[in-house]
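start09.txt follows (compact mmCIF, N, CA and C atoms):
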# COMPACT_ATOMS: atom_id res chain seq x y z
N MET P 1034 38.11 4.13 7.49
CA MET P 1034 36.75 3.66 7.32
C MET P 1034 36.14 4.22 6.03
N ASP P 1035 36.43 5.48 5.71
CA ASP P 1035 35.87 6.09 4.50
C ASP P 1035 36.28 5.32 3.25
N LYS P 1036 37.54 4.87 3.19
CA LYS P 1036 38.03 4.13 2.03
C LYS P 1036 37.34 2.78 1.93
N LEU P 1037 37.10 2.14 3.07
CA LEU P 1037 36.40 0.86 3.08
C LEU P 1037 34.99 1.04 2.53
N VAL P 1038 34.28 2.03 3.05
CA VAL P 1038 32.91 2.30 2.60
C VAL P 1038 32.89 2.61 1.11
N GLU P 1039 33.79 3.45 0.67
CA GLU P 1039 33.87 3.83 -0.74
C GLU P 1039 34.12 2.60 -1.63
N SER P 1040 35.03 1.74 -1.21
CA SER P 1040 35.36 0.54 -1.99
C SER P 1040 34.17 -0.42 -2.07
N ILE P 1041 33.54 -0.67 -0.93
CA ILE P 1041 32.39 -1.59 -0.93
C ILE P 1041 31.27 -1.04 -1.79
N LYS P 1042 30.96 0.26 -1.63
CA LYS P 1042 29.89 0.86 -2.43
C LYS P 1042 30.23 0.79 -3.92
N SER P 1043 31.48 1.00 -4.25
CA SER P 1043 31.90 0.96 -5.64
C SER P 1043 31.73 -0.44 -6.22
N HIS P 1044 32.11 -1.45 -5.46
CA HIS P 1044 32.03 -2.82 -5.96
C HIS P 1044 30.60 -3.36 -5.97
N GLU P 1045 29.84 -3.00 -4.96
CA GLU P 1045 28.47 -3.52 -4.88
C GLU P 1045 27.54 -2.80 -5.86
N GLY P 1046 27.70 -1.49 -5.99
CA GLY P 1046 26.77 -0.72 -6.80
C GLY P 1046 25.44 -0.59 -6.09
N TYR P 1047 24.82 0.54 -6.21
CA TYR P 1047 23.55 0.80 -5.54
C TYR P 1047 22.39 0.43 -6.43
N ARG P 1048 21.41 -0.26 -5.86
CA ARG P 1048 20.17 -0.60 -6.57
C ARG P 1048 19.00 -0.20 -5.68
N SER P 1049 18.15 0.65 -6.17
CA SER P 1049 17.01 1.12 -5.37
C SER P 1049 15.89 0.09 -5.32
N GLU P 1050 15.89 -0.86 -6.23
CA GLU P 1050 14.85 -1.88 -6.22
C GLU P 1050 15.44 -3.20 -5.71
N VAL P 1051 14.57 -4.06 -5.20
CA VAL P 1051 14.99 -5.38 -4.77
C VAL P 1051 15.28 -6.20 -6.02
N TYR P 1052 16.38 -6.90 -6.00
CA TYR P 1052 16.77 -7.74 -7.13
C TYR P 1052 17.34 -9.05 -6.60
N LEU P 1053 17.49 -10.03 -7.47
CA LEU P 1053 18.12 -11.29 -7.08
C LEU P 1053 19.59 -11.22 -7.44
N ASP P 1054 20.44 -11.47 -6.44
CA ASP P 1054 21.88 -11.42 -6.69
C ASP P 1054 22.32 -12.67 -7.44
N SER P 1055 23.62 -12.83 -7.61
CA SER P 1055 24.15 -13.95 -8.39
C SER P 1055 23.84 -15.31 -7.77
N LYS P 1056 23.48 -15.34 -6.50
CA LYS P 1056 23.11 -16.58 -5.82
C LYS P 1056 21.59 -16.75 -5.71
N GLY P 1057 20.85 -15.79 -6.30
CA GLY P 1057 19.40 -15.86 -6.26
C GLY P 1057 18.79 -15.31 -4.98
N LYS P 1058 19.58 -14.57 -4.19
CA LYS P 1058 19.09 -14.01 -2.92
C LYS P 1058 18.50 -12.62 -3.15
N PRO P 1059 17.33 -12.34 -2.58
CA PRO P 1059 16.78 -10.98 -2.68
C PRO P 1059 17.75 -9.98 -2.03
N THR P 1060 18.04 -8.91 -2.73
CA THR P 1060 19.05 -7.95 -2.31
C THR P 1060 18.58 -6.55 -2.69
N CYS P 1061 19.04 -5.55 -1.94
CA CYS P 1061 18.74 -4.16 -2.29
C CYS P 1061 19.87 -3.28 -1.78
N GLY P 1062 19.78 -1.99 -2.12
CA GLY P 1062 20.79 -1.05 -1.65
C GLY P 1062 22.16 -1.39 -2.20
N TRP P 1063 23.14 -1.42 -1.33
CA TRP P 1063 24.50 -1.80 -1.69
C TRP P 1063 24.76 -3.21 -1.22
N GLY P 1064 24.15 -4.19 -1.88
CA GLY P 1064 24.40 -5.59 -1.56
C GLY P 1064 23.78 -6.05 -0.26
N HIS P 1065 22.69 -5.44 0.18
CA HIS P 1065 22.05 -5.84 1.43
C HIS P 1065 21.09 -7.00 1.18
N TYR P 1066 21.42 -8.17 1.76
CA TYR P 1066 20.56 -9.35 1.63
C TYR P 1066 19.28 -9.15 2.43
N LEU P 1067 18.20 -9.65 1.89
CA LEU P 1067 16.91 -9.68 2.59
C LEU P 1067 16.51 -11.14 2.75
N TRP P 1068 16.18 -11.55 3.96
CA TRP P 1068 15.69 -12.90 4.17
C TRP P 1068 14.76 -12.89 5.38
N VAL P 1069 13.90 -13.88 5.45
CA VAL P 1069 12.98 -13.98 6.58
C VAL P 1069 13.80 -14.07 7.85
N GLY P 1070 13.49 -13.19 8.78
CA GLY P 1070 14.20 -13.16 10.06
C GLY P 1070 15.33 -12.14 10.12
N SER P 1071 15.67 -11.53 8.96
CA SER P 1071 16.74 -10.54 9.00
C SER P 1071 16.24 -9.27 9.69
N LYS P 1072 17.14 -8.59 10.36
CA LYS P 1072 16.80 -7.37 11.09
C LYS P 1072 16.68 -6.20 10.12
N VAL P 1073 15.69 -5.36 10.37
CA VAL P 1073 15.50 -4.14 9.58
C VAL P 1073 15.53 -2.97 10.57
N PRO P 1074 16.47 -2.06 10.40
CA PRO P 1074 16.54 -0.92 11.32
C PRO P 1074 15.27 -0.08 11.26
N LEU P 1075 14.90 0.50 12.41
CA LEU P 1075 13.71 1.33 12.48
C LEU P 1075 13.74 2.44 11.43
N GLU P 1076 14.91 3.05 11.23
CA GLU P 1076 15.03 4.14 10.25
C GLU P 1076 14.69 3.64 8.85
N ALA P 1077 15.13 2.43 8.52
CA ALA P 1077 14.82 1.86 7.21
C ALA P 1077 13.32 1.57 7.09
N SER P 1078 12.75 1.03 8.16
CA SER P 1078 11.31 0.76 8.16
C SER P 1078 10.51 2.04 8.00
N GLU P 1079 10.93 3.11 8.67
CA GLU P 1079 10.24 4.40 8.52
C GLU P 1079 10.33 4.90 7.08
N ALA P 1080 11.51 4.73 6.47
CA ALA P 1080 11.67 5.15 5.07
C ALA P 1080 10.77 4.32 4.15
N PHE P 1081 10.71 3.00 4.37
CA PHE P 1081 9.82 2.15 3.58
C PHE P 1081 8.37 2.60 3.76
N PHE P 1082 7.98 2.86 5.02
CA PHE P 1082 6.62 3.26 5.34
C PHE P 1082 6.23 4.56 4.64
N LYS P 1083 7.11 5.55 4.71
CA LYS P 1083 6.85 6.83 4.05
C LYS P 1083 6.71 6.65 2.54
N GLN P 1084 7.55 5.81 1.95
CA GLN P 1084 7.46 5.57 0.51
C GLN P 1084 6.17 4.84 0.17
N ASP P 1085 5.79 3.88 0.99
CA ASP P 1085 4.55 3.13 0.74
C ASP P 1085 3.33 4.04 0.83
N ILE P 1086 3.32 4.96 1.79
CA ILE P 1086 2.20 5.91 1.89
C ILE P 1086 2.18 6.82 0.65
N ALA P 1087 3.34 7.31 0.26
CA ALA P 1087 3.42 8.16 -0.94
C ALA P 1087 2.92 7.39 -2.17
N ASP P 1088 3.27 6.12 -2.27
CA ASP P 1088 2.80 5.30 -3.40
C ASP P 1088 1.28 5.14 -3.36
N ALA P 1089 0.71 4.92 -2.17
CA ALA P 1089 -0.74 4.76 -2.04
C ALA P 1089 -1.46 6.05 -2.43
N ILE P 1090 -0.92 7.19 -2.00
CA ILE P 1090 -1.52 8.48 -2.35
C ILE P 1090 -1.44 8.70 -3.86
N SER P 1091 -0.32 8.34 -4.44
CA SER P 1091 -0.17 8.47 -5.89
C SER P 1091 -1.16 7.58 -6.63
N GLU P 1092 -1.34 6.35 -6.14
CA GLU P 1092 -2.31 5.45 -6.77
C GLU P 1092 -3.72 6.02 -6.64
N PHE P 1093 -4.03 6.64 -5.50
CA PHE P 1093 -5.35 7.24 -5.33
C PHE P 1093 -5.61 8.27 -6.43
N SER P 1094 -4.61 9.06 -6.74
CA SER P 1094 -4.78 10.09 -7.77
C SER P 1094 -4.99 9.49 -9.15
N ARG P 1095 -4.70 8.21 -9.32
CA ARG P 1095 -4.91 7.54 -10.60
C ARG P 1095 -6.30 6.91 -10.71
N LEU P 1096 -7.05 6.93 -9.61
CA LEU P 1096 -8.43 6.42 -9.68
C LEU P 1096 -9.23 7.30 -10.62
N PRO P 1097 -10.16 6.72 -11.36
CA PRO P 1097 -11.00 7.54 -12.23
C PRO P 1097 -11.72 8.62 -11.43
N LEU P 1098 -11.82 9.79 -11.99
CA LEU P 1098 -12.46 10.92 -11.33
C LEU P 1098 -13.89 10.60 -10.92
N ARG P 1099 -14.57 9.77 -11.67
CA ARG P 1099 -15.95 9.44 -11.34
C ARG P 1099 -16.06 8.73 -9.99
N PHE P 1100 -14.97 8.12 -9.51
CA PHE P 1100 -14.95 7.52 -8.18
C PHE P 1100 -14.50 8.55 -7.14
N ARG P 1101 -13.42 9.24 -7.43
CA ARG P 1101 -12.84 10.19 -6.46
C ARG P 1101 -13.77 11.35 -6.14
N SER P 1102 -14.54 11.79 -7.11
CA SER P 1102 -15.34 13.01 -6.92
C SER P 1102 -16.43 12.86 -5.88
N HIS P 1103 -16.81 11.65 -5.54
CA HIS P 1103 -17.89 11.42 -4.57
C HIS P 1103 -17.39 11.30 -3.13
N LEU P 1104 -16.08 11.36 -2.93
CA LEU P 1104 -15.51 11.03 -1.63
C LEU P 1104 -15.14 12.26 -0.82
N ASN P 1105 -15.54 12.28 0.45
CA ASN P 1105 -15.06 13.31 1.36
C ASN P 1105 -13.67 12.87 1.89
N GLU P 1106 -13.07 13.66 2.74
CA GLU P 1106 -11.71 13.37 3.21
C GLU P 1106 -11.62 12.04 3.96
N ALA P 1107 -12.59 11.77 4.82
CA ALA P 1107 -12.55 10.51 5.59
C ALA P 1107 -12.62 9.30 4.66
N ARG P 1108 -13.48 9.37 3.66
CA ARG P 1108 -13.60 8.26 2.71
C ARG P 1108 -12.34 8.15 1.84
N ARG P 1109 -11.75 9.28 1.51
CA ARG P 1109 -10.49 9.24 0.75
C ARG P 1109 -9.40 8.55 1.56
N ARG P 1110 -9.35 8.84 2.86
CA ARG P 1110 -8.34 8.19 3.71
C ARG P 1110 -8.56 6.68 3.77
N VAL P 1111 -9.81 6.25 3.80
CA VAL P 1111 -10.10 4.81 3.78
C VAL P 1111 -9.55 4.19 2.50
N ILE P 1112 -9.81 4.83 1.37
CA ILE P 1112 -9.33 4.30 0.09
C ILE P 1112 -7.81 4.27 0.06
N VAL P 1113 -7.15 5.33 0.53
CA VAL P 1113 -5.68 5.34 0.54
C VAL P 1113 -5.15 4.22 1.43
N GLU P 1114 -5.81 4.00 2.58
CA GLU P 1114 -5.35 2.91 3.44
C GLU P 1114 -5.54 1.56 2.76
N MET P 1115 -6.61 1.40 2.03
CA MET P 1115 -6.81 0.15 1.28
C MET P 1115 -5.75 0.00 0.20
N LEU P 1116 -5.41 1.09 -0.46
CA LEU P 1116 -4.35 1.05 -1.47
C LEU P 1116 -3.01 0.71 -0.84
N PHE P 1117 -2.78 1.21 0.36
CA PHE P 1117 -1.56 0.87 1.10
C PHE P 1117 -1.53 -0.62 1.36
N ASN P 1118 -2.69 -1.19 1.68
CA ASN P 1118 -2.79 -2.60 2.05
C ASN P 1118 -2.76 -3.54 0.85
N MET P 1119 -3.23 -3.08 -0.29
CA MET P 1119 -3.23 -3.91 -1.49
C MET P 1119 -2.60 -3.10 -2.61
N ASN P 1120 -3.26 -2.92 -3.71
CA ASN P 1120 -2.77 -2.05 -4.78
C ASN P 1120 -3.95 -1.64 -5.65
N LEU P 1121 -3.69 -0.73 -6.56
CA LEU P 1121 -4.77 -0.18 -7.38
C LEU P 1121 -5.45 -1.25 -8.23
N GLN P 1122 -4.68 -2.14 -8.84
CA GLN P 1122 -5.28 -3.16 -9.70
C GLN P 1122 -6.26 -4.03 -8.91
N LYS P 1123 -5.88 -4.41 -7.70
CA LYS P 1123 -6.77 -5.24 -6.88
C LYS P 1123 -8.00 -4.45 -6.44
N LEU P 1124 -7.79 -3.21 -6.02
CA LEU P 1124 -8.91 -2.41 -5.54
C LEU P 1124 -9.92 -2.11 -6.65
N LEU P 1125 -9.46 -1.94 -7.86
CA LEU P 1125 -10.38 -1.68 -8.96
C LEU P 1125 -11.27 -2.89 -9.27
N LYS P 1126 -10.91 -4.06 -8.77
CA LYS P 1126 -11.73 -5.27 -8.98
C LYS P 1126 -12.93 -5.32 -8.04
N PHE P 1127 -13.02 -4.38 -7.11
CA PHE P 1127 -14.17 -4.30 -6.22
C PHE P 1127 -15.32 -3.61 -6.97
N VAL P 1128 -15.83 -4.26 -7.99
CA VAL P 1128 -16.79 -3.67 -8.93
C VAL P 1128 -18.06 -3.20 -8.22
N ASP P 1129 -18.61 -4.02 -7.34
CA ASP P 1129 -19.84 -3.63 -6.64
C ASP P 1129 -19.59 -2.44 -5.72
N PHE P 1130 -18.43 -2.39 -5.12
CA PHE P 1130 -18.06 -1.26 -4.26
C PHE P 1130 -18.04 0.03 -5.07
N TRP P 1131 -17.36 0.01 -6.21
CA TRP P 1131 -17.24 1.23 -7.01
C TRP P 1131 -18.59 1.65 -7.59
N ALA P 1132 -19.43 0.68 -7.94
CA ALA P 1132 -20.77 1.02 -8.42
C ALA P 1132 -21.55 1.73 -7.32
N ALA P 1133 -21.42 1.26 -6.09
CA ALA P 1133 -22.10 1.90 -4.97
C ALA P 1133 -21.53 3.30 -4.71
N VAL P 1134 -20.22 3.45 -4.84
CA VAL P 1134 -19.59 4.76 -4.64
C VAL P 1134 -20.14 5.76 -5.65
N GLU P 1135 -20.24 5.36 -6.90
CA GLU P 1135 -20.76 6.27 -7.93
C GLU P 1135 -22.18 6.73 -7.62
N LEU P 1136 -22.95 5.86 -6.96
CA LEU P 1136 -24.34 6.21 -6.60
C LEU P 1136 -24.42 6.87 -5.22
N GLU P 1137 -23.27 7.03 -4.58
CA GLU P 1137 -23.22 7.53 -3.20
C GLU P 1137 -24.09 6.69 -2.27
N ASP P 1138 -24.08 5.39 -2.55
CA ASP P 1138 -24.79 4.40 -1.74
C ASP P 1138 -23.78 3.86 -0.72
N TRP P 1139 -23.65 4.57 0.38
CA TRP P 1139 -22.59 4.24 1.35
C TRP P 1139 -22.87 2.91 2.05
N LYS P 1140 -24.14 2.57 2.27
CA LYS P 1140 -24.47 1.26 2.86
C LYS P 1140 -24.07 0.13 1.90
N GLY P 1141 -24.37 0.33 0.63
CA GLY P 1141 -23.99 -0.66 -0.38
C GLY P 1141 -22.48 -0.79 -0.51
N ALA P 1142 -21.78 0.34 -0.41
CA ALA P 1142 -20.31 0.32 -0.48
C ALA P 1142 -19.76 -0.45 0.69
N ARG P 1143 -20.30 -0.20 1.89
CA ARG P 1143 -19.84 -0.93 3.09
C ARG P 1143 -20.07 -2.43 2.91
N ALA P 1144 -21.27 -2.80 2.45
CA ALA P 1144 -21.60 -4.21 2.26
C ALA P 1144 -20.65 -4.86 1.25
N ALA P 1145 -20.35 -4.14 0.18
CA ALA P 1145 -19.44 -4.68 -0.85
C ALA P 1145 -18.04 -4.88 -0.29
N LEU P 1146 -17.58 -3.95 0.53
CA LEU P 1146 -16.25 -4.10 1.14
C LEU P 1146 -16.20 -5.34 2.02
N LEU P 1147 -17.26 -5.53 2.82
CA LEU P 1147 -17.25 -6.64 3.77
C LEU P 1147 -17.50 -7.99 3.11
N ASP P 1148 -18.05 -7.97 1.88
CA ASP P 1148 -18.29 -9.21 1.13
C ASP P 1148 -17.13 -9.43 0.16
N SER P 1149 -15.93 -9.54 0.69
CA SER P 1149 -14.76 -9.70 -0.17
C SER P 1149 -13.71 -10.58 0.51
N LEU P 1150 -12.85 -11.13 -0.31
CA LEU P 1150 -11.72 -11.91 0.20
C LEU P 1150 -10.85 -11.02 1.09
N TRP P 1151 -10.66 -9.76 0.67
CA TRP P 1151 -9.86 -8.83 1.47
C TRP P 1151 -10.40 -8.73 2.90
N ALA P 1152 -11.72 -8.59 3.04
CA ALA P 1152 -12.33 -8.48 4.37
C ALA P 1152 -12.11 -9.74 5.20
N ARG P 1153 -12.18 -10.89 4.54
CA ARG P 1153 -11.95 -12.14 5.27
C ARG P 1153 -10.48 -12.26 5.69
N GLN P 1154 -9.60 -11.66 4.93
CA GLN P 1154 -8.17 -11.73 5.26
C GLN P 1154 -7.78 -10.75 6.37
N VAL P 1155 -8.32 -9.55 6.34
CA VAL P 1155 -7.88 -8.52 7.30
C VAL P 1155 -8.90 -8.30 8.43
N LYS P 1156 -10.00 -8.98 8.40
CA LYS P 1156 -11.04 -9.03 9.42
C LYS P 1156 -11.36 -7.70 10.10
N GLY P 1157 -10.85 -7.48 11.30
CA GLY P 1157 -11.19 -6.28 12.08
C GLY P 1157 -10.87 -4.99 11.36
N ARG P 1158 -9.77 -4.98 10.64
CA ARG P 1158 -9.40 -3.78 9.88
C ARG P 1158 -10.48 -3.47 8.85
N ALA P 1159 -10.98 -4.50 8.18
CA ALA P 1159 -12.01 -4.30 7.15
C ALA P 1159 -13.29 -3.74 7.77
N ILE P 1160 -13.68 -4.25 8.92
CA ILE P 1160 -14.90 -3.75 9.58
C ILE P 1160 -14.72 -2.29 9.96
N GLU P 1161 -13.57 -1.96 10.55
CA GLU P 1161 -13.31 -0.58 10.94
C GLU P 1161 -13.32 0.36 9.74
N LEU P 1162 -12.64 -0.03 8.66
CA LEU P 1162 -12.59 0.83 7.48
C LEU P 1162 -13.95 0.93 6.80
N ALA P 1163 -14.66 -0.18 6.72
CA ALA P 1163 -16.00 -0.16 6.11
C ALA P 1163 -16.96 0.73 6.89
N ASP P 1164 -16.86 0.69 8.22
CA ASP P 1164 -17.72 1.56 9.04
C ASP P 1164 -17.34 3.02 8.85
N ARG P 1165 -16.05 3.32 8.78
CA ARG P 1165 -15.62 4.70 8.53
C ARG P 1165 -16.12 5.16 7.17
N PHE P 1166 -16.06 4.27 6.19
CA PHE P 1166 -16.53 4.62 4.85
C PHE P 1166 -18.01 4.91 4.88
N LEU P 1167 -18.79 4.05 5.56
CA LEU P 1167 -20.24 4.23 5.65
C LEU P 1167 -20.57 5.59 6.26
N ASN P 1168 -19.92 5.92 7.37
CA ASN P 1168 -20.26 7.13 8.11
C ASN P 1168 -19.57 8.38 7.56
N GLY P 1169 -18.51 8.20 6.80
CA GLY P 1169 -17.80 9.35 6.23
C GLY P 1169 -17.06 10.18 7.26
N VAL P 1170 -16.75 9.57 8.40
CA VAL P 1170 -15.99 10.26 9.45
C VAL P 1170 -14.93 9.30 10.00
N ASP P 1171 -13.89 9.91 10.57
CA ASP P 1171 -12.82 9.10 11.17
C ASP P 1171 -13.18 8.68 12.58
Would you write out, as structure tokens, the structure that this file holds?
Amino acid sequence: MDKLVESIKSHEGYRSEVYLDSKGKPTCGWGHYLWVGSKVPLEASEAFFKQDIADAISEFSRLPLRFRSHLNEARRRVIVEMLFNMNLQKLLKFVDFWAAVELEDWKGARAALLDSLWARQVKGRAIELADRFLNGVD
């Protein structure tokens, strides 16, 4: 079995990012095809989840200090969860939200979050996160 594994890994080559193989199929790892309906082991999903959280935390640290400095821990967690759900470029487009954050206008920040395409897409999640942001508690 070791020789089989070694040979396949050698021929496939490892790729940490998703790429299109020679047939145009999304692939990652050592030739692992990804398609709608394919099974993903729980261990792989946990690894993806941990990486996604780490990426969201890293993106949070890239926010301008003028935004981050006004946030307590609960509000920081809301922002990180939003970054997990979207990305930094999209979140920075919430201009009215960030203006309210700079003024520590938590009601205005909540209103800006709920008046967005994101809120219409994620509905209940947006209400819960906006309320947490308003109150500054989990």
Q | Shell of 12 Å around Trp1151 (chain P), only C-alpha atoms, local chain residues under 2 positions omitted, as a PyMOL selection string | A | chain P and resi 1115-1116+1118-1120+1123-1124+1126-1127+1145-1149+1153-1160+1162-1163
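Across the structure, CA of Ala1142 (chain P) and CA of Glu1114 (chain P) are spaced 15.7 Å apart.
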Q: Please provide as a PyMOL selection string all residues within 10 Å of Glu1106 (chain P), with the sequence filter that same-chain residues fewer than 5 positions apart are discarded (counting only C-alpha atoms).
A: chain P and resi 1111-1112+1169-1171
Q: Rank P:Phe1081, P:Trp1139, P:Phe1100, P:Phe1093 by their smallest atom-to-atom distance to Leu1121 (chain P), using only N, CA and C atoms, and report the top residue only.
A: P:Phe1093
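Going from atom C of Pro1074 (chain P) to atom N of Pro1059 (chain P) covers 18.6 Å.
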Q) Which value, in Å to one decimal, gives the distance between CA of Glu1137 (chain P) and CA of His1103 (chain P)? A) 6.7 Å
